[in-house]
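Peer 1: Got a structure for you, questions after.
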Amino acid sequence: MTTDFDYKPLLLVPLLALIALPLTGSASTWLTLTVAGLAMGMIVFVIASGLTLVFGLMDVLNFGHGVFIALGAFVATSVFAAMGTYVEADSFWLNMLALLPAMLVAMAVAGALGYVFERVIVKPVYGQHLKQILITMGGMIIGEELIKVIWGPQQIAMPLPVSLRGAFIFGEAAVEKYRVLAVLVGLLVFLAMVWTLNRTKVGLLIRAGVQDREMVESLGYRIVRLFIGVFVAGSALAGLGGVMWGLYQQTVIPQMGAQVNVLIFIVIIIGGLGSTTGALIGALLVGLMANYTGFLAPKVALFSNIALMVAILLWRPQGVYPVANR
Amino acid sequence: MNTNNLLTLQGVHTHIGAYHILHGVDLHVPANQLTMLLGRNGAGKTTTLRTIMGLWHASQGRITLAGQDITQQHTPDISRSGVAYVPENMGIFADLSVKENMLLAARGARSIDDIDTKRLEWIFDLFPAMKKFWNHPAGKLSGGQKQMLAVSRAIVEPRQLLLIDEPSKGLAPAIIQNMIAAFKALKEAQTTILLVEQNFNFARQLGDSVAVMDDGRVVHSGRMAELAEDEALQSRLLGLSLKAHQ
Amino acid sequence: MFSRILSHDLPRSRWLALMLVGIVLGLAFAPFLFTGVKSINVAAKVLIFISLVVSFDLLLGYTGIVSFAHTMFFGIGAYGLAIALNAMGPTWGAIALGTVSALAISLVLSLVIGLFSLRVRAIFFAMITLAVASAFLTLASQLSDITGGEDGLSFKVPELLTPGFALMEDDWEGPFGAVAFNGRFITYYLLFAVVTGMFLVMLRIVNSPFGRVLQAIRENDFRAEALGYRTVVYRTLSNVLAALFATLAGCLLALWLRYNGPDTSLSFEIMLDILLIVVIGGMGTLYGAILGSTLFLLAQSYLQDLLRLAGSATEGLPLLPALLTPDRWLLWLGLLFVLSVYYFPTGIVGRLRDRARR
Amino acid sequence: MLETRDLTVRFGGHVAVNAVSCAFAPGTLTAIVGPNGAGKTTYFNLISGQIKVSAGRVALNGQDLTPLGAAARAQAGLGRAFQLTNLFPQLSVRENVRLAVQARAGAGLNLWRIWSDRRDLLEKTDRVLEAVALADKRDALAASLPHGDQRKLEVGILMALEPQVFMFDEPTAGMSVDEVPVILNLIRQLKNDKTKTILLVEHKMDVVRELSDRIIVLHNGELVADGEPETVIASPVVQQAYLGISPEEKEAV
Amino acid sequence: QSKEIRIAHVYSKTGPLEAYAKQTHVGLMMGLDYATGGTMTVGGKKLVVIEKDDQGKPDLGKSLLAAAYGDDKADIAVGPTASPVALAMLPVAEEYRKILLVEPAVADSITGDKWNKYIFRTGRNSSQDAISNAVALDKPENTIVTLAQDNAFGRDGVKAFREAVKKGKLVHEEYLPAATTDFTAGLQRVVDKLKDVPGRKFVWVVWAGANSPFSKFAELELKKRYNIELATGGNILPAMTAYKQFPGMEGAAYYYFGIPKNPVNEAMVARHYKEFKSPPDFFTAGGFSAAMALVTALKKTNGDAKASALIPAMEGMSFDTPKGKMTFRKEDHQAMQSMYHFKIKADPAFAWGVPELVREIKPEEMNVPIRNKR
Ligand SMILES: Nc1ncnc2c1ncn2[C@@H]1O[C@H](COP(=O)(O)OP(=O)(O)OP(=O)(O)O)[C@@H](O)[C@H]1O
Ligand SMILES: Nc1ncnc2c1ncn2[C@@H]1O[C@H](COP(=O)(O)OP(=O)(O)OP(=O)(O)O)[C@@H](O)[C@H]1O
Ligand SMILES: [Mg+2]
Ligand SMILES: [Mg+2]
């Protein structure tokens, strides 16, 4: 019953781009929109990746995911503030000297909070979706308020490092420099996740653990540590996503996590609630769709994500790559 | 009684929530032998196995494995000291394939190639269905095939103690014979087995020693051969005439 | 007789019964007991939430369906009344028309949602309803010509229900303060009567053979199907009933507030409040709705006042005042979410009943 | 009269049930035997509508049931007990059975009566609980029953449904020896009612021999033998493929 | 006769607008203190401020205002932060027959078709914002495209702007959802409208919220590529960080602490620096102005806080504010006030782009329509 890799969903992305080509009218406009959409998709993928991991493997509906995103972004603003000279320096490498630590610190802090979150908030409710929703929302509210206590309620500016400002211009089309970086980071995250999940036993173990925790323990695996590990990884990815998102918006606000919640849930539903490749496809589609409809009919853009999700679910009721029966 | 016990339970009490289920179980499992644990529905056999495995914790009493106290240990650690468990409901990972189920059971293996091929062949011989459905999702197996998978998982790597809860239920007679052969072979290979069974025929063919439970206590223990001889004792401990329905 | 009114589904715990009697009496005499504007608003809100939460409990607690679209129906009710009163002026006809058309829209919508999506996996249903609800919210704020957009609609109600209408010339000096027998007083008792009726009807439904099948479906739909119950039919019916009740609750809200807007009846926040109330109270026990709504709304309405006291008491200490300011009340509400899931896994009702059983 | 004609189901490339045609008359108990994975449970699933057929049809009293779902077939008179226990775990034992009684009475869509007012249904529930020896555990949650009692409850639910066709899938597996006769007696009593059709999947040959009027054998999804119990048991397919006794051994026995 | 005048400040102390709301409150308290010379008394009566948190929810604002008037016996109310809340509150003032001084909610309809005679507003309305910007941009050689949030705030602003632009060419109105995160598509549409047009080209932006199009405007290098310039109104300081990327950008602002030159503003800036080590911001000025209006009015009535006394006193009343003199217009009770045409300078000493005054636009120069049907 082994099936070949199902390539059809992969074709959706080029298909959507091709459909949009005649509609946008000019090739340069199309190129600008498409590249921007794909890059946006990559950023969305990074912020959603942690959630797919946590939901796909551990079956935890973490409505509090957003708080890790916000936390990552806020931590990064503090790191940037401390390294202001590097951010404002007109050298790519000096900029990276600020950006990399910002990312790492954000991931570390988000990961650490993830540890606490798992132990205190998620642990008592494994296997109970409804309670997960409530308790993680509670965690999210608390987290958001604590961010306000620490950083204040107002928005904080998070300007791009100098060398990432502006765009590469190809004739009439423009590709923002930052988006190129986003694509690279997104690809890196994607490859790392696919490798870990497919080439190691970790993925299997956690899937088994979700179905029958006792049995996995009876086979001699310390499932508790594994679950913590995955949750921490998921939170750290959210922290990274927060940095990416914050830099993209160039301002951060405490509510930024809550604002992307619906978006990332749509992405992982399209993906099949837990498939990494599915989430990537979902994110790219969402990114492209937002730009195309935004250009062709801005009113419709409001509903484009939801329409996209409904269309996908009509085609595949369990998302593009269904993960297990749950 | 055999002096060399691999596993002993002394006065074990277990509570599930507010219910007091085990009322002081004393049980000795001699090394390298097969011990049958018998008893009516609800006697507490499954609870005993789960308590040994650390899935429920004894509220009182002591459990020792090879001289070590494991009463308060966590399940993974108990398993790592060489105990395999086949639960009553089989504990199959329905979403994973048969192969993946087996891979997880082989704790030392990083991929399926790391599993001893001889042992795998032996399992395929015992349970041909495992080979046939190797890449099948385990949830789609028939009832009996799931049972076979559950037992296969427990024996994919050598262990010092097997705890097996009603392995014969739902199996066709031919497969039951294979399983009996398998347990005999395992015993040869110095494996100690504690087996819960309702099928007395099966029990008689395999058991070296026996313990009978009732109402959360062990009410009889001794050699299997003695119990098999003594029909009066059988009917007192286990209920009505056994012959008619086996 | 009394037991029949409650459909033989009694509180089954002395403490629970006492608390319920206390709350019901409190609500029944609220206009006499609590004469402030704020407290009567809280009492009315408790009533409205009881009816709303009860309808959600049918869905969640009894049928095991997680839907995030419940506020959508609540909003339809509120908008139905608001739009009708806004367009037709403050007449009873407008109230009737608004309510009836809101019910009709909810009926169709819930039927469609039910039939289309109750076949998919539970978690997908939850997510689809989440998306549908957010789309509806967007729609409501976009159609500003009809709905007033983000500003919402302020409207007038029939003379009899306005504060200006007086039954008696002078206020009555009660033992707890002056009571004005005006239109608000009448509106409050109108709410009380309707909500009591809705509660009793719902109690009847969940204790009917139908209600029992819903529980069976929640437990094991596959098995229920094998017994001959068509789960799609039952689920859809439950979805429709819940939607209709929520719509009515929405109408009551609009009638009381004389205002409606997207944030007031459609926001995700309200959805979460409902979920939390159901869980605090106890899923699958309608009495939980009464306890949960009362406790939650009291907490929500008075938490800031409480924090103001706590904040001034801890003045001078490090950090604590920063956490205890009324501005950070949401922090404590979040904590309430977490703690209630921790300490009331079966809700307050479940807890009390367990104790009674010992 | 229950009939299956050319009943077939494929899972991917695997044919689990292959063109099985068979008729089951009222008043008879037919045992279905075969090795593990032969397709017995799948055959039941096809009849009771848990899975969709790939080809062929199922008919009861001449009425074609193939297009109907599981619920409709249950209403038409097909009752089913499951091999892997399948209950309402968080409801009481009594409520488990009462739901079946209520389904039988067709009262499910009544929104207005109070359930406990239906004394008739409650009394019937209690009678069923007596019959399967669970009366003293009626208030326990189904999930807290030991395995054997869960099997009894499974049978009780089927009894309460009072279908025309009873399908038992290994009813006694995991039941302790002193309980088995209770269930067997129940089945014997059913046999006395000549309007009922009974199908029984069972691996315990003595039970099969004692109860059945007819045995059919499934092997790799195909119907390979059908007839009187003694003849079928003696046939080489059963001896070899099922009981695992090679011809030489048979001599010895 | 009570010895107190109770003022209820109903504002979004918590919720998304928390940061704005707090500025208003600081301004209000500072203003009351300043206006009463530190005594907090007018006509021998003590001013008592009661705070109410509407959380940005209209229904809550409505009940809180009722509770303030009813339970807390407030004589006058100030607030709220958000327009929807204000609109829900208007009927309550009428029911209780008490003054509601709106600050800083901007919607035109507050002093327009939803207005009643108990409503006054010190805050600027959308029209004033738009018209002042129009005055700054309205030149014959300018081609303008508007880019606004697709909601009442954005559409109100563009409508007033459209009516005010007389000489320049307004070629397109672009509305984007308020929740837009990726502005590439919207800006691309704007570019398509403007790229082949001669002369100076402006995109006038009406946007509130953290997800603003400003940074995208810079990333896409529209100025360099197509010579398209950005124009917009003032904002709070953290939001003006994004302005730093647009030195030379012009627009018209409601307030920036460095612009107005008058004693009231100097006092406020000094006090704010003293107390918070930072300059007062956009909404602080509003709160301060509201306080000034209240105290001036109460002085006129000699402490009589009843609406019947206050309304005649306030109609047509002029009062000093950090923005100079304001006057409540008789017809719709909107405070007429100066706005400031500015040009952005990137000064390394400040984290934000510094708006430098080009010209003060006096109230008389702006023809702000009266929209209530009185
Ligand atoms: N989760 C539970 N909650 C409450 N009581 C339980 C639970 N599980 C088991 N019990 C009770 O514990 C007692 C012993 O059950 P156990 O499953 O150990 O019996 P058993 O000997 O394995 O029976 P069987 O042969 O039927 O499998 C029974 O009375 C049962 O009702
Ligand atoms: N849904 C399914 N998808 C794929 N294969 C299936 C599915 N259901 C059953 N099978 C396969 O069909 C075959 C028949 O299974 P079935 O459960 O009918 O066997 P059975 O005769 O009841 O065996 P047992 O005596 O072990 O219960 C098995 O090989 C099983 O793996
Ligand atoms: Mg057992
Ligand atoms: Mg079977």
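Here's how to read the names in the structure tokens: chain A, B, ... by the order shown, residue numbers from 1 in each chain, ligand numbers from 1 in the order shown.
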Set the distance at 12 Å and use only C-alpha atoms: which residues neighbour segment 303-319 of chain C once local chain neighbours fewer than 2 positions away are removed? I'd like the list as a VMD selection string.

Peer 2: (chain A and resid 146 149 to 150) or (chain C and resid 295 to 301 321 to 334 336) or (chain E and resid 13 to 14 51 to 55)

Peer 1: Filtering to C-alpha atoms, could you give me those residues as an mmCIF file, in the first residue's frame?

Peer 2:
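Contents of out-v8.cif, as written:
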data_model
loop_
_atom_site.group_PDB
_atom_site.id
_atom_site.type_symbol
_atom_site.label_atom_id
_atom_site.label_comp_id
_atom_site.auth_asym_id
_atom_site.auth_seq_id
_atom_site.Cartn_x
_atom_site.Cartn_y
_atom_site.Cartn_z
ATOM 1 C CA LEU A 146 3.172 40.407 30.339
ATOM 2 C CA VAL A 149 4.133 45.000 31.404
ATOM 3 C CA ILE A 150 7.692 44.551 30.181
ATOM 4 C CA LEU C 295 -19.406 33.983 38.040
ATOM 5 C CA PHE C 296 -17.737 34.941 34.796
ATOM 6 C CA LEU C 297 -19.656 38.148 34.264
ATOM 7 C CA LEU C 298 -19.196 39.192 37.852
ATOM 8 C CA ALA C 299 -15.487 38.584 37.467
ATOM 9 C CA GLN C 300 -15.337 40.372 34.150
ATOM 10 C CA SER C 301 -17.317 43.365 35.361
ATOM 11 C CA PRO C 321 1.634 47.180 41.525
ATOM 12 C CA ALA C 322 2.618 46.854 37.853
ATOM 13 C CA LEU C 323 0.759 43.550 37.729
ATOM 14 C CA LEU C 324 -2.116 44.577 39.932
ATOM 15 C CA THR C 325 -3.153 47.740 38.132
ATOM 16 C CA PRO C 326 -6.638 47.679 36.700
ATOM 17 C CA ASP C 327 -4.981 48.127 33.308
ATOM 18 C CA ARG C 328 -3.670 44.600 33.487
ATOM 19 C CA TRP C 329 -7.004 43.029 34.359
ATOM 20 C CA LEU C 330 -6.806 40.838 31.281
ATOM 21 C CA LEU C 331 -3.758 39.190 32.770
ATOM 22 C CA TRP C 332 -5.884 37.992 35.630
ATOM 23 C CA LEU C 333 -8.686 36.994 33.341
ATOM 24 C CA GLY C 334 -6.192 34.887 31.401
ATOM 25 C CA LEU C 336 -8.757 32.576 35.343
ATOM 26 C CA LYS E 13 -7.565 52.247 29.108
ATOM 27 C CA THR E 14 -7.040 48.694 27.944
ATOM 28 C CA GLU E 51 -11.936 56.866 35.334
ATOM 29 C CA LYS E 52 -13.867 54.319 33.287
ATOM 30 C CA ASP E 53 -12.313 51.784 30.949
ATOM 31 C CA ASP E 54 -14.391 51.098 27.841
ATOM 32 C CA GLN E 55 -11.814 48.616 26.467
#

Peer 1: Distance table requested - chain A against chain C, cut-off 7 Å, only C-alpha atoms: one row per qualifying residue with the closest atom pair and its distance in Å to one decimal, ordered by chain and rising residue number, as a tab-separated table.

Peer 2:
residue	atom	partner	partner_atom	distance
A:Lys131	CA	C:Val341	CA	6.6
A:Leu134	CA	C:Phe337	CA	6.6
A:Ile135	CA	C:Val338	CA	4.9
A:Gly138	CA	C:Gly334	CA	4.2
A:Gly139	CA	C:Gly334	CA	6.4
A:Ile141	CA	C:Gly334	CA	5.2
A:Ile142	CA	C:Leu331	CA	4.7
A:Glu145	CA	C:Leu331	CA	5.5
A:Val149	CA	C:Ala322	CA	6.9
A:Phe303	CA	C:Ala135	CA	6.5
A:Ile306	CA	C:Ala131	CA	6.2
A:Pro317	CA	C:Val120	CA	7.0

Peer 1: Using the selection just defined, write its residues with C-alpha atoms as a PDB file, in the first residue's frame.

Peer 2:
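So the final result, stored in result_8.pdb, reads:
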ATOM      1  CA  LYS A 131      -9.404  22.435  26.959  1.00  0.00           C
ATOM      2  CA  LEU A 134      -9.147  27.463  26.331  1.00  0.00           C
ATOM      3  CA  ILE A 135      -6.028  27.048  28.335  1.00  0.00           C
ATOM      4  CA  GLY A 138      -5.545  31.902  28.556  1.00  0.00           C
ATOM      5  CA  GLY A 139      -1.799  31.510  28.216  1.00  0.00           C
ATOM      6  CA  ILE A 141      -3.732  36.522  27.090  1.00  0.00           C
ATOM      7  CA  ILE A 142      -1.335  36.279  30.000  1.00  0.00           C
ATOM      8  CA  GLU A 145      -0.280  41.255  29.046  1.00  0.00           C
ATOM      9  CA  VAL A 149       4.133  45.000  31.404  1.00  0.00           C
ATOM     10  CA  PHE A 303     -12.128  36.962   1.824  1.00  0.00           C
ATOM     11  CA  ILE A 306     -11.116  31.870   3.445  1.00  0.00           C
ATOM     12  CA  PRO A 317     -11.658  17.572   2.664  1.00  0.00           C
TER      13      PRO A 317
END

Peer 1: Any chance you could tabulate, as CSV, the residues of chain B at most 8 Å from ligand 2 with each one's nearest atom pair and distance in Å to one decimal, using only C-alpha atoms and all ligand atoms, in chain and rising number order?

Peer 2:
residue,atom,partner,partner_atom_place_in_ligand_line,distance
B:Ala129,CA,ligand 2,29 (O),7.7
B:Phe133,CA,ligand 2,31 (O),7.0
B:His136,CA,ligand 2,4 (C),7.5
B:Pro137,CA,ligand 2,4 (C),7.8
B:Gly139,CA,ligand 2,2 (C),8.0
B:Lys140,CA,ligand 2,7 (C),4.5
B:Leu141,CA,ligand 2,31 (O),3.6
B:Ser142,CA,ligand 2,17 (O),3.4
B:Gly143,CA,ligand 2,27 (O),3.9
B:Gly144,CA,ligand 2,26 (O),3.1
B:Gln145,CA,ligand 2,26 (O),5.2
B:Lys146,CA,ligand 2,26 (O),7.5
B:Gly170,CA,ligand 2,25 (O),6.0
B:Leu171,CA,ligand 2,25 (O),6.2
B:Ala172,CA,ligand 2,25 (O),6.5

Peer 1: Export, as a short mmCIF file (atom, residue, chain, number, x, y, z; two decimals), in the first residue's frame, the selected residues with all heavy atoms.

Peer 2:
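Output below, filename result33.cif:
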data_model
loop_
_atom_site.label_atom_id
_atom_site.label_comp_id
_atom_site.auth_asym_id
_atom_site.auth_seq_id
_atom_site.Cartn_x
_atom_site.Cartn_y
_atom_site.Cartn_z
N ALA B 129 1.13 -13.37 8.26
CA ALA B 129 0.40 -12.15 7.90
C ALA B 129 1.26 -10.91 8.09
O ALA B 129 1.10 -9.91 7.40
CB ALA B 129 -0.87 -12.04 8.74
N PHE B 133 1.49 -8.01 5.22
CA PHE B 133 0.93 -6.67 5.40
C PHE B 133 1.96 -5.67 5.91
O PHE B 133 1.64 -4.70 6.56
CB PHE B 133 -0.27 -6.73 6.35
CG PHE B 133 -1.42 -7.51 5.78
CD1 PHE B 133 -1.71 -8.78 6.25
CD2 PHE B 133 -2.16 -6.98 4.74
CE1 PHE B 133 -2.74 -9.50 5.70
CE2 PHE B 133 -3.21 -7.71 4.20
CZ PHE B 133 -3.50 -8.97 4.68
N HIS B 136 1.29 -2.10 5.37
CA HIS B 136 -0.11 -1.74 5.60
C HIS B 136 -0.25 -0.85 6.84
O HIS B 136 0.46 -1.07 7.81
CB HIS B 136 -0.86 -3.04 5.91
CG HIS B 136 -1.94 -3.35 4.95
ND1 HIS B 136 -1.68 -3.68 3.65
CD2 HIS B 136 -3.28 -3.42 5.10
CE1 HIS B 136 -2.82 -3.93 3.05
NE2 HIS B 136 -3.80 -3.78 3.89
N PRO B 137 -1.20 0.06 6.86
CA PRO B 137 -1.50 0.73 8.13
C PRO B 137 -2.03 -0.31 9.13
O PRO B 137 -2.91 -1.09 8.78
CB PRO B 137 -2.61 1.72 7.79
CG PRO B 137 -2.73 1.73 6.31
CD PRO B 137 -2.05 0.52 5.77
N GLY B 139 -3.89 -0.14 11.62
CA GLY B 139 -5.28 -0.01 12.00
C GLY B 139 -6.23 -0.80 11.10
O GLY B 139 -7.35 -1.09 11.47
N LYS B 140 -5.75 -1.11 9.90
CA LYS B 140 -6.62 -1.80 8.96
C LYS B 140 -6.52 -3.31 9.05
O LYS B 140 -7.20 -4.03 8.33
CB LYS B 140 -6.26 -1.36 7.52
CG LYS B 140 -6.39 0.14 7.29
CD LYS B 140 -7.84 0.53 7.10
CE LYS B 140 -8.10 2.01 7.21
NZ LYS B 140 -7.70 2.75 6.03
N LEU B 141 -5.66 -3.82 9.92
CA LEU B 141 -5.52 -5.26 10.05
C LEU B 141 -6.78 -5.88 10.66
O LEU B 141 -7.57 -5.21 11.31
CB LEU B 141 -4.34 -5.58 10.96
CG LEU B 141 -2.95 -5.21 10.45
CD1 LEU B 141 -1.92 -5.51 11.52
CD2 LEU B 141 -2.64 -5.97 9.17
N SER B 142 -6.94 -7.17 10.44
CA SER B 142 -8.06 -7.87 11.07
C SER B 142 -7.77 -8.03 12.56
O SER B 142 -6.64 -7.83 13.01
CB SER B 142 -8.25 -9.24 10.43
OG SER B 142 -7.38 -10.18 11.03
N GLY B 143 -8.79 -8.37 13.31
CA GLY B 143 -8.64 -8.48 14.76
C GLY B 143 -7.49 -9.41 15.14
O GLY B 143 -6.63 -9.06 15.96
N GLY B 144 -7.46 -10.56 14.54
CA GLY B 144 -6.43 -11.53 14.87
C GLY B 144 -5.05 -11.05 14.45
O GLY B 144 -4.06 -11.25 15.16
N GLN B 145 -5.00 -10.38 13.30
CA GLN B 145 -3.70 -9.89 12.82
C GLN B 145 -3.14 -8.83 13.76
O GLN B 145 -1.94 -8.76 14.00
CB GLN B 145 -3.86 -9.31 11.41
CG GLN B 145 -4.14 -10.38 10.36
CD GLN B 145 -4.66 -9.81 9.06
OE1 GLN B 145 -5.08 -8.66 9.00
NE2 GLN B 145 -4.64 -10.63 8.02
N LYS B 146 -4.03 -8.02 14.32
CA LYS B 146 -3.56 -7.03 15.28
C LYS B 146 -2.94 -7.73 16.49
O LYS B 146 -1.91 -7.31 17.01
CB LYS B 146 -4.72 -6.16 15.76
CG LYS B 146 -5.11 -5.10 14.77
CD LYS B 146 -6.20 -4.22 15.37
CE LYS B 146 -6.73 -3.26 14.32
NZ LYS B 146 -8.15 -2.99 14.43
N GLY B 170 -9.26 -14.22 19.88
CA GLY B 170 -9.46 -13.84 18.49
C GLY B 170 -8.53 -14.51 17.51
O GLY B 170 -8.54 -14.17 16.34
N LEU B 171 -7.71 -15.45 17.99
CA LEU B 171 -6.81 -16.10 17.04
C LEU B 171 -7.39 -17.44 16.60
O LEU B 171 -8.00 -18.17 17.37
CB LEU B 171 -5.45 -16.33 17.69
CG LEU B 171 -4.63 -15.08 17.96
CD1 LEU B 171 -3.25 -15.48 18.48
CD2 LEU B 171 -4.49 -14.25 16.70
N ALA B 172 -7.15 -17.74 15.33
CA ALA B 172 -7.58 -19.03 14.81
C ALA B 172 -6.71 -20.12 15.42
O ALA B 172 -5.56 -19.88 15.77
CB ALA B 172 -7.44 -19.02 13.29
#

Peer 1: Can you work out which residues are within 8 Å of ligand 4, considering only C-alpha atoms and all ligand atoms, and then hand them over as a CSV table (one decimal) with N, CA and C atoms, in the first residue's frame?

Peer 2:
chain,number,residue,atom,x,y,z
B,142,SER,N,-6.9,-7.2,10.4
B,142,SER,CA,-8.1,-7.9,11.1
B,142,SER,C,-7.8,-8.0,12.6
B,143,GLY,N,-8.8,-8.4,13.3
B,143,GLY,CA,-8.6,-8.5,14.8
B,143,GLY,C,-7.5,-9.4,15.1
B,144,GLY,N,-7.5,-10.6,14.5
B,144,GLY,CA,-6.4,-11.5,14.9
B,144,GLY,C,-5.1,-11.1,14.5
B,170,GLY,N,-9.3,-14.2,19.9
B,170,GLY,CA,-9.5,-13.8,18.5
B,170,GLY,C,-8.5,-14.5,17.5
D,36,ASN,N,-7.4,-16.1,10.5
D,36,ASN,CA,-7.3,-14.6,10.8
D,36,ASN,C,-7.1,-13.9,9.4
D,37,GLY,N,-7.8,-12.9,9.2
D,37,GLY,CA,-7.7,-12.1,8.0
D,37,GLY,C,-8.4,-12.7,6.8
D,39,GLY,N,-11.4,-12.5,6.1
D,39,GLY,CA,-12.5,-11.5,5.6
D,39,GLY,C,-13.8,-11.7,6.4
D,40,LYS,N,-13.8,-12.3,7.5
D,40,LYS,CA,-15.1,-12.6,8.2
D,40,LYS,C,-15.7,-11.2,8.7
D,41,THR,N,-14.8,-10.5,9.4
D,41,THR,CA,-15.3,-9.2,9.9
D,41,THR,C,-15.7,-8.3,8.8
D,42,THR,N,-14.9,-8.3,7.8
D,42,THR,CA,-15.1,-7.4,6.6
D,42,THR,C,-16.5,-7.8,6.0
D,83,GLN,N,-16.4,-7.1,17.0
D,83,GLN,CA,-15.3,-7.9,17.5
D,83,GLN,C,-14.4,-7.2,18.5
D,169,ASP,N,-19.8,-11.2,16.4
D,169,ASP,CA,-18.4,-11.4,15.9
D,169,ASP,C,-17.5,-11.7,17.2
D,170,GLU,N,-17.2,-13.0,17.3
D,170,GLU,CA,-16.5,-13.6,18.4
D,170,GLU,C,-17.0,-13.1,19.8
D,201,VAL,N,-19.5,-15.5,14.1
D,201,VAL,CA,-18.0,-15.7,13.8
D,201,VAL,C,-17.4,-16.2,15.1

Peer 1: Using only C-alpha atoms, what does the table of segment 32-114 of chain D residues within 7 Å of segment 215-239 of chain D look like, with each row giving the shortest atom pair and its distance in Å to one decimal, sorted by chain and ascending number, as a tab-separated table?

Peer 2:
residue	atom	partner	partner_atom	distance
D:Ile32	CA	D:Ile216	CA	5.1
D:Val33	CA	D:Val217	CA	5.0
D:Gly34	CA	D:Leu218	CA	5.0
D:Pro35	CA	D:His219	CA	6.7
D:Ala38	CA	D:Asn220	CA	4.7
D:Gly39	CA	D:Gly221	CA	5.0
D:Lys40	CA	D:Leu218	CA	6.8

Peer 1: Give me a file of those residues, with N, CA, C and O atoms, as a short mmCIF file (atom, residue, chain, number, x, y, z; two decimals), in the first residue's frame.

Peer 2:
data_model
loop_
_atom_site.label_atom_id
_atom_site.label_comp_id
_atom_site.auth_asym_id
_atom_site.auth_seq_id
_atom_site.Cartn_x
_atom_site.Cartn_y
_atom_site.Cartn_z
N ILE D 32 -19.55 -18.72 10.82
CA ILE D 32 -18.60 -18.36 9.77
C ILE D 32 -17.22 -18.54 10.36
O ILE D 32 -16.87 -17.93 11.37
N VAL D 33 -16.44 -19.44 9.76
CA VAL D 33 -15.11 -19.65 10.28
C VAL D 33 -14.10 -19.39 9.19
O VAL D 33 -14.43 -19.26 8.01
N GLY D 34 -12.86 -19.30 9.60
CA GLY D 34 -11.79 -19.05 8.65
C GLY D 34 -10.62 -18.47 9.39
O GLY D 34 -10.78 -17.95 10.49
N PRO D 35 -9.44 -18.58 8.81
CA PRO D 35 -8.24 -18.08 9.47
C PRO D 35 -8.31 -16.58 9.73
O PRO D 35 -9.18 -15.91 9.19
N ALA D 38 -9.23 -13.70 7.07
CA ALA D 38 -9.93 -14.34 5.96
C ALA D 38 -10.98 -13.41 5.38
O ALA D 38 -11.40 -13.57 4.24
N GLY D 39 -11.45 -12.45 6.14
CA GLY D 39 -12.46 -11.54 5.64
C GLY D 39 -13.79 -11.66 6.35
O GLY D 39 -14.80 -11.13 5.89
N LYS D 40 -13.81 -12.34 7.49
CA LYS D 40 -15.07 -12.55 8.20
C LYS D 40 -15.66 -11.23 8.70
O LYS D 40 -16.82 -10.90 8.44
#

Peer 1: Could you tell me, as number ranges by chain, which residues of segment 38-244 of chain B DSSP assigns to strand (DSSP E or B) when given the backbone?

Peer 2: B: 38-39, 58-65, 68-69, 83-86, 97, 137, 161-165, 192-196, 209-214, 217-223

Peer 1: Write out as a ChimeraX atom specification the residues lying within 9 Å of segment 184-198 of chain E, counting only C-alpha atoms and excluding same-chain residues fewer than 4 positions away.

Peer 2: /A:29,32-33,36-37,290-296,298 /E:141-147,171-176,202-203,213,216-217,220,222,226-228

Peer 1: Return as a ChimeraX atom specification the residues of protein, DNA or RNA that approach ligand 3 to within 10 Å, with only C-alpha atoms and all ligand atoms taken into account.

Peer 2: /B:38-50,87-89,165-166,196-198 /D:145-149,174-176
